[in-house]
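Structure below is coords_3.cif: mmCIF, C-alpha atoms and all ligand atoms.
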data_upload
loop_
_atom_site.label_atom_id
_atom_site.label_comp_id
_atom_site.auth_asym_id
_atom_site.auth_seq_id
_atom_site.Cartn_x
_atom_site.Cartn_y
_atom_site.Cartn_z
CA MET O 1 -25.39 -14.12 44.12
CA GLN O 2 -21.95 -12.52 43.66
CA ASP O 3 -21.79 -14.22 40.26
CA LYS O 4 -25.21 -12.91 39.30
CA VAL O 5 -24.28 -9.34 40.23
CA GLU O 6 -20.98 -9.62 38.32
CA ARG O 7 -22.79 -10.95 35.24
CA SER O 8 -25.34 -8.15 35.25
CA VAL O 9 -22.61 -5.51 35.64
CA MET O 10 -20.69 -7.05 32.71
CA ALA O 11 -23.84 -7.17 30.60
CA GLU O 12 -24.21 -3.40 30.97
CA ARG O 13 -20.63 -2.56 30.04
CA ARG O 14 -19.77 -1.65 26.47
CA LYS O 15 -17.69 -4.41 24.91
CA ILE O 16 -15.00 -3.53 22.37
CA GLY O 17 -12.71 -5.87 20.47
CA ILE O 18 -9.03 -5.18 19.84
CA MET O 19 -7.52 -6.96 16.87
CA GLY O 20 -3.76 -6.58 17.18
CA GLY O 21 -1.38 -7.67 14.48
CA THR O 22 1.61 -6.92 12.34
CA PHE O 23 -0.74 -6.96 9.33
CA ASP O 24 2.09 -7.31 6.80
CA PRO O 25 -0.22 -7.35 4.89
CA ILE O 26 -3.71 -7.41 6.43
CA HIS O 27 -5.81 -10.18 4.86
CA ASN O 28 -9.29 -11.72 4.84
CA GLY O 29 -8.33 -14.09 7.69
CA HIS O 30 -7.86 -11.08 10.01
CA LEU O 31 -11.13 -9.49 8.86
CA LEU O 32 -13.10 -12.71 9.26
CA ALA O 33 -11.69 -13.29 12.77
CA ALA O 34 -12.67 -9.77 13.85
CA ASP O 35 -16.12 -10.04 12.30
CA GLU O 36 -16.86 -13.42 13.88
CA ALA O 37 -15.76 -12.14 17.32
CA HIS O 38 -17.89 -9.02 16.83
CA ALA O 39 -21.00 -11.12 16.20
CA ALA O 40 -20.37 -13.94 18.68
CA LEU O 41 -19.45 -11.73 21.65
CA GLY O 42 -21.82 -8.84 20.99
CA LEU O 43 -18.98 -6.33 20.57
CA SER O 44 -20.02 -2.78 19.69
CA GLU O 45 -16.89 -2.31 17.58
CA VAL O 46 -13.50 -3.78 16.77
CA ILE O 47 -10.38 -1.63 16.77
CA PHE O 48 -7.54 -2.89 14.58
CA VAL O 49 -4.17 -2.07 16.12
CA PRO O 50 -1.23 -2.49 13.73
CA THR O 51 2.01 -2.99 15.66
CA GLY O 52 4.73 -0.38 15.49
CA GLN O 53 7.59 -2.74 16.27
CA PRO O 54 6.24 -6.31 16.55
CA PRO O 55 7.64 -7.73 19.82
CA HIS O 56 8.25 -11.23 18.52
CA LYS O 57 9.26 -10.83 14.88
CA GLY O 58 12.95 -10.45 15.79
CA LYS O 59 15.18 -9.48 12.91
CA GLN O 60 12.57 -10.32 10.27
CA HIS O 61 12.07 -7.48 7.79
CA VAL O 62 8.73 -5.78 8.32
CA THR O 63 7.07 -3.30 5.92
CA SER O 64 6.94 0.30 7.17
CA ALA O 65 4.39 0.95 9.89
CA GLU O 66 2.75 3.66 7.76
CA ASP O 67 2.17 1.31 4.81
CA ARG O 68 0.77 -1.39 7.11
CA TYR O 69 -1.46 1.23 8.74
CA ILE O 70 -2.78 2.44 5.37
CA MET O 71 -3.53 -1.15 4.31
CA ALA O 72 -5.45 -1.70 7.56
CA GLU O 73 -7.45 1.49 6.87
CA LEU O 74 -8.20 0.43 3.29
CA ALA O 75 -9.32 -3.02 4.46
CA THR O 76 -11.68 -1.77 7.16
CA VAL O 77 -13.03 1.53 5.83
CA ASN O 78 -16.29 0.05 4.50
CA CYS O 79 -17.24 -1.66 7.74
CA PRO O 80 -19.01 0.72 10.18
CA TYR O 81 -17.95 -1.17 13.31
CA PHE O 82 -14.27 -1.51 12.36
CA SER O 83 -11.67 1.20 12.96
CA VAL O 84 -7.87 1.42 13.03
CA SER O 85 -5.80 2.86 15.87
CA ARG O 86 -2.34 4.44 15.62
CA VAL O 87 -1.67 3.84 19.30
CA GLU O 88 1.19 1.37 18.70
CA ILE O 89 2.52 2.98 15.53
CA ASP O 90 2.92 6.31 17.29
CA ARG O 91 4.61 4.78 20.34
CA ALA O 92 8.37 4.30 20.30
CA GLY O 93 9.89 0.92 21.08
CA LYS O 94 8.41 -2.55 20.92
CA SER O 95 4.64 -2.77 20.75
CA TYR O 96 3.80 -4.63 23.91
CA THR O 97 0.12 -5.44 24.35
CA ILE O 98 0.22 -4.56 28.05
CA ASP O 99 1.19 -0.96 27.20
CA THR O 100 -1.57 -0.72 24.59
CA LEU O 101 -4.21 -1.96 27.01
CA ARG O 102 -3.09 0.52 29.67
CA THR O 103 -3.22 3.38 27.13
CA LEU O 104 -6.65 2.47 25.75
CA ARG O 105 -8.14 1.93 29.20
CA ALA O 106 -6.94 5.37 30.29
CA MET O 107 -8.67 7.14 27.36
CA PRO O 108 -11.87 8.98 28.45
CA GLU O 109 -13.87 7.64 25.48
CA TYR O 110 -13.24 4.07 26.67
CA GLU O 111 -14.13 4.61 30.31
CA GLY O 112 -15.91 1.54 31.69
CA VAL O 113 -15.35 -0.46 28.49
CA LEU O 114 -14.67 -4.19 28.66
CA PHE O 115 -11.94 -4.98 26.13
CA TYR O 116 -11.65 -8.28 24.26
CA PHE O 117 -8.24 -8.89 22.72
CA ILE O 118 -8.74 -11.08 19.63
CA THR O 119 -5.97 -13.39 18.50
CA GLY O 120 -5.54 -16.53 16.48
CA LEU O 121 -4.98 -19.75 18.38
CA ASP O 122 -1.32 -19.82 17.25
CA ALA O 123 -0.64 -16.50 18.97
CA VAL O 124 -2.51 -17.44 22.16
CA LEU O 125 -0.45 -20.60 22.59
CA ASP O 126 2.57 -18.34 22.87
CA ILE O 127 1.06 -16.06 25.52
CA VAL O 128 3.39 -17.14 28.34
CA SER O 129 6.27 -15.52 26.45
CA TRP O 130 4.47 -12.16 26.23
CA LYS O 131 5.29 -9.27 28.56
CA ASN O 132 3.18 -9.43 31.77
CA PRO O 133 0.65 -12.06 30.61
CA GLU O 134 -1.08 -12.19 34.02
CA GLU O 135 -1.66 -8.45 34.05
CA ILE O 136 -2.86 -8.54 30.42
CA MET O 137 -5.50 -11.05 31.47
CA GLN O 138 -6.64 -8.72 34.27
CA LEU O 139 -7.07 -5.82 31.85
CA CYS O 140 -9.01 -7.61 29.13
CA ARG O 141 -10.61 -10.87 28.11
CA PHE O 142 -8.66 -12.86 25.57
CA VAL O 143 -10.38 -14.46 22.58
CA ALA O 144 -8.68 -17.35 20.79
CA VAL O 145 -10.12 -17.85 17.31
CA SER O 146 -9.55 -21.04 15.28
CA ARG O 147 -6.55 -21.07 13.04
CA TYR O 148 -5.71 -23.67 10.40
CA GLY O 149 -3.30 -26.27 11.81
CA TYR O 150 -4.30 -25.71 15.47
CA THR O 151 -7.08 -27.09 17.69
CA HIS O 152 -8.55 -25.49 20.79
CA LYS O 153 -7.58 -28.64 22.69
CA ARG O 154 -4.04 -27.27 22.63
CA MET O 155 -5.12 -24.57 25.09
CA GLU O 156 -4.64 -27.30 27.71
CA GLU O 157 -0.91 -26.61 27.30
CA LEU O 158 -1.40 -23.20 28.95
CA PRO O 159 -1.21 -22.57 32.71
CA GLN O 160 -4.69 -22.90 34.18
CA ASP O 161 -4.92 -19.33 35.54
CA LEU O 162 -4.28 -17.92 32.06
CA ARG O 163 -6.40 -20.51 30.24
CA GLU O 164 -9.43 -19.69 32.38
CA ARG O 165 -9.42 -16.11 31.11
CA ILE O 166 -9.35 -17.11 27.44
CA ILE O 167 -12.53 -17.51 25.42
CA PRO O 168 -12.17 -20.14 22.68
CA LEU O 169 -14.10 -19.16 19.55
CA GLU O 170 -14.69 -21.50 16.62
CA ILE O 171 -14.70 -19.61 13.33
CA PRO O 172 -14.59 -20.82 9.70
CA LEU O 173 -10.99 -21.67 8.83
CA LEU O 174 -9.34 -19.48 6.23
CA ALA O 175 -5.91 -20.92 5.58
CA ILE O 176 -4.40 -17.53 4.74
CA SER O 177 -1.31 -16.00 6.34
CA SER O 178 0.67 -12.85 5.61
CA THR O 179 3.72 -15.07 5.07
CA GLU O 180 1.88 -17.01 2.35
CA LEU O 181 0.71 -13.75 0.73
CA ARG O 182 4.22 -12.28 0.65
CA GLU O 183 5.48 -15.52 -0.92
CA ARG O 184 2.70 -15.53 -3.51
CA ILE O 185 3.48 -11.95 -4.55
CA LYS O 186 7.19 -12.70 -4.81
CA THR O 187 6.51 -15.70 -7.04
CA GLY O 188 3.91 -13.96 -9.20
CA ARG O 189 0.86 -15.86 -7.96
CA SER O 190 -2.59 -14.39 -7.41
CA ILE O 191 -3.75 -12.96 -4.04
CA LYS O 192 -7.01 -11.71 -5.52
CA PHE O 193 -9.55 -13.34 -3.19
CA MET O 194 -7.32 -13.33 -0.12
CA VAL O 195 -7.16 -9.59 0.55
CA PRO O 196 -9.63 -6.75 -0.09
CA THR O 197 -9.30 -5.29 -3.60
CA ALA O 198 -8.13 -1.91 -2.26
CA VAL O 199 -5.32 -3.62 -0.33
CA GLU O 200 -4.20 -5.54 -3.40
CA ARG O 201 -4.17 -2.30 -5.45
CA PHE O 202 -2.05 -0.58 -2.78
CA ILE O 203 0.42 -3.49 -2.68
CA ARG O 204 0.80 -3.37 -6.48
CA LYS O 205 1.05 0.44 -6.61
CA LYS O 206 3.80 0.49 -3.96
CA SER O 207 5.48 -2.65 -5.37
CA LEU O 208 5.44 -4.23 -1.92
CA TYR O 209 6.72 -7.76 -1.33
CA ILE O 210 8.22 -8.26 -4.77
CA ASN O 211 11.67 -9.06 -3.41
N1 LIG O 301 -6.23 -16.83 8.74
C1 LIG O 301 -6.36 -16.44 10.01
N2 LIG O 301 -7.41 -16.87 10.76
C2 LIG O 301 -7.53 -16.48 12.06
N3 LIG O 301 -6.66 -15.66 12.72
C3 LIG O 301 -5.61 -15.22 12.03
C4 LIG O 301 -5.41 -15.57 10.65
N4 LIG O 301 -4.27 -14.97 10.22
C5 LIG O 301 -3.78 -14.29 11.27
N5 LIG O 301 -4.57 -14.43 12.35
C6 LIG O 301 -4.37 -13.83 13.69
O1 LIG O 301 -4.31 -12.42 13.52
C7 LIG O 301 -3.37 -11.84 14.43
C8 LIG O 301 -2.36 -10.99 13.67
O2 LIG O 301 -1.65 -11.86 12.83
P1 LIG O 301 -0.44 -11.42 11.90
O3 LIG O 301 -0.59 -9.99 11.51
O4 LIG O 301 0.83 -11.84 12.51
O5 LIG O 301 -0.79 -12.28 10.59
P2 LIG O 301 -0.16 -13.65 10.11
O6 LIG O 301 -0.93 -14.03 8.89
O7 LIG O 301 -0.11 -14.64 11.24
O8 LIG O 301 1.31 -13.14 9.72
P3 LIG O 301 2.67 -13.93 9.44
O9 LIG O 301 2.37 -15.04 8.47
O10 LIG O 301 3.56 -12.86 8.88
O11 LIG O 301 3.13 -14.43 10.80
C9 LIG O 301 -2.74 -13.02 15.19
O12 LIG O 301 -3.42 -13.16 16.42
C10 LIG O 301 -3.02 -14.20 14.29
O13 LIG O 301 -3.10 -15.41 15.02
O1 LIG O 302 3.06 -7.97 24.40
C1 LIG O 302 3.75 -8.90 24.00
O2 LIG O 302 4.70 -9.37 24.65
C2 LIG O 302 3.40 -9.53 22.65
C3 LIG O 302 4.16 -10.56 22.11
C4 LIG O 302 3.80 -11.09 20.86
C5 LIG O 302 2.69 -10.58 20.20
N1 LIG O 302 1.96 -9.58 20.76
C6 LIG O 302 0.80 -9.00 20.04
O3 LIG O 302 0.02 -10.01 19.45
C7 LIG O 302 -0.55 -9.53 18.24
C8 LIG O 302 -0.20 -10.50 17.12
O4 LIG O 302 1.20 -10.49 16.94
P1 LIG O 302 1.88 -10.99 15.58
O5 LIG O 302 3.34 -10.94 15.84
O6 LIG O 302 1.33 -12.39 15.36
O7 LIG O 302 1.44 -10.06 14.50
C9 LIG O 302 0.02 -8.13 18.04
O8 LIG O 302 -0.92 -7.21 18.52
C10 LIG O 302 1.27 -8.11 18.91
O9 LIG O 302 1.61 -6.84 19.41
C11 LIG O 302 2.28 -9.06 21.95
#
Rewrite the structure from the file as structure tokens, please.
Amino acid sequence: MQDKVERSVMAERRKIGIMGGTFDPIHNGHLLAADEAHAALGLSEVIFVPTGQPPHKGKQHVTSAEDRYIMAELATVNCPYFSVSRVEIDRAGKSYTIDTLRTLRAMPEYEGVLFYFITGLDAVLDIVSWKNPEEIMQLCRFVAVSRYGYTHKRMEELPQDLRERIIPLEIPLLAISSTELRERIKTGRSIKFMVPTAVERFIRKKSLYIN
């Protein structure tokens, strides 16, 4: 009975996806993951949230937040249910997901919304090292989409209480990563069908990733 009531309450709540990432640069793998989650989970929209300071990228050089934000805008502008948020870019310090969830949940336009945080399986397997993972799981549902080189079976490595809150989602594998794209640009190889055309044009115009 309790379960039934809970399910019917959840069915009435607006469901919104959050696709967080460094997006250095954004690529078709990110867009496909967000689109598959949108369809499979009945999300009304997906908000892309480029990180300001990625919490786990350490000393690795990261392209300016503004350029990564513009690329995210260019990649998503033609999709009516995608948008890009500046919430992490405009916040000082490391971009912890817990802070982002608290901020979004406190915004009047998202009152009563059920958030789904979309990540690749590689990122989810690392969740125990994130800030406040238990509280994150209370504030949203986690979605773990397939990523080349990983299987959902590996979710068994996670503590049960966290694993139970994560929705595994099989999506077509696109073996694209931002690392691979940066390497391709540096070595003069094509990225043509791996990123939206507008993103490729921006990368070329700003001479990003050439050294
Ligand atoms: N090809 C892909 N398929 C599915 N999910 C992906 C893919 N690429 C990235 N993701 C997921 O998107 C989120 C943001 O990823 P991120 O911006 O770090 O891209 P990345 O390609 O993993 O970058 P890098 O190679 O620099 O680590 C993460 O949850 C990541 O797992
Ligand atoms: O909050 C944390 O501790 C945390 C640690 C690592 C990653 N994240 C988030 O996970 C998303 C993917 O991160 P990344 O580094 O793979 O681009 C992005 O939104 C990050 O802010 C969050």
Name each residue within 7 Å of ligand LIG 302 (chain O), counting all atoms listed in the file, as number ranges by chain. O: 19-23, 49-51, 54-57, 95-98, 119, 123, 129-131
One-decimal distance in Å that lies between CA of Glu66 (chain O) and CA of Phe142 (chain O): 26.8 Å
Taking all atoms of region 119-123 of chain O that the file lists and extending 4 Å past them on each side, where is the centre of the axis-aligned box and how long are its edges? Answer in Å to one decimal, as JSON.
{"center_x": -3.3, "center_y": -16.6, "center_z": 17.7, "size_x": 13.3, "size_y": 14.4, "size_z": 10.5}
As a CSV table (one decimal) with C-alpha atoms, keeping the file's coordinate frame, please: the residues near Leu121 (chain O) (cut-off 8 Å, all atoms listed in the file, same-chain neighbours under 2 positions excluded).
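Written file, around-v1.csv:
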chain,number,residue,atom,x,y,z
O,119,THR,CA,-6.0,-13.4,18.5
O,123,ALA,CA,-0.6,-16.5,19.0
O,124,VAL,CA,-2.5,-17.4,22.2
O,125,LEU,CA,-0.4,-20.6,22.6
O,144,ALA,CA,-8.7,-17.4,20.8
O,145,VAL,CA,-10.1,-17.8,17.3
O,146,SER,CA,-9.6,-21.0,15.3
O,147,ARG,CA,-6.6,-21.1,13.0
O,150,TYR,CA,-4.3,-25.7,15.5
O,151,THR,CA,-7.1,-27.1,17.7
O,152,HIS,CA,-8.6,-25.5,20.8
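Of the listed residues (O:Asn211, O:Thr103, O:Ser64, O:Thr179), O:Thr179 comes nearest to ligand LIG 301 (chain O); the distances count all atoms listed in the file.
The space between CA of Arg91 (chain O) and CA of Tyr69 (chain O) spans 13.6 Å.
Atom O10 of ligand LIG 301 (chain O) lies 27.7 Å from CA of Glu164 (chain O).
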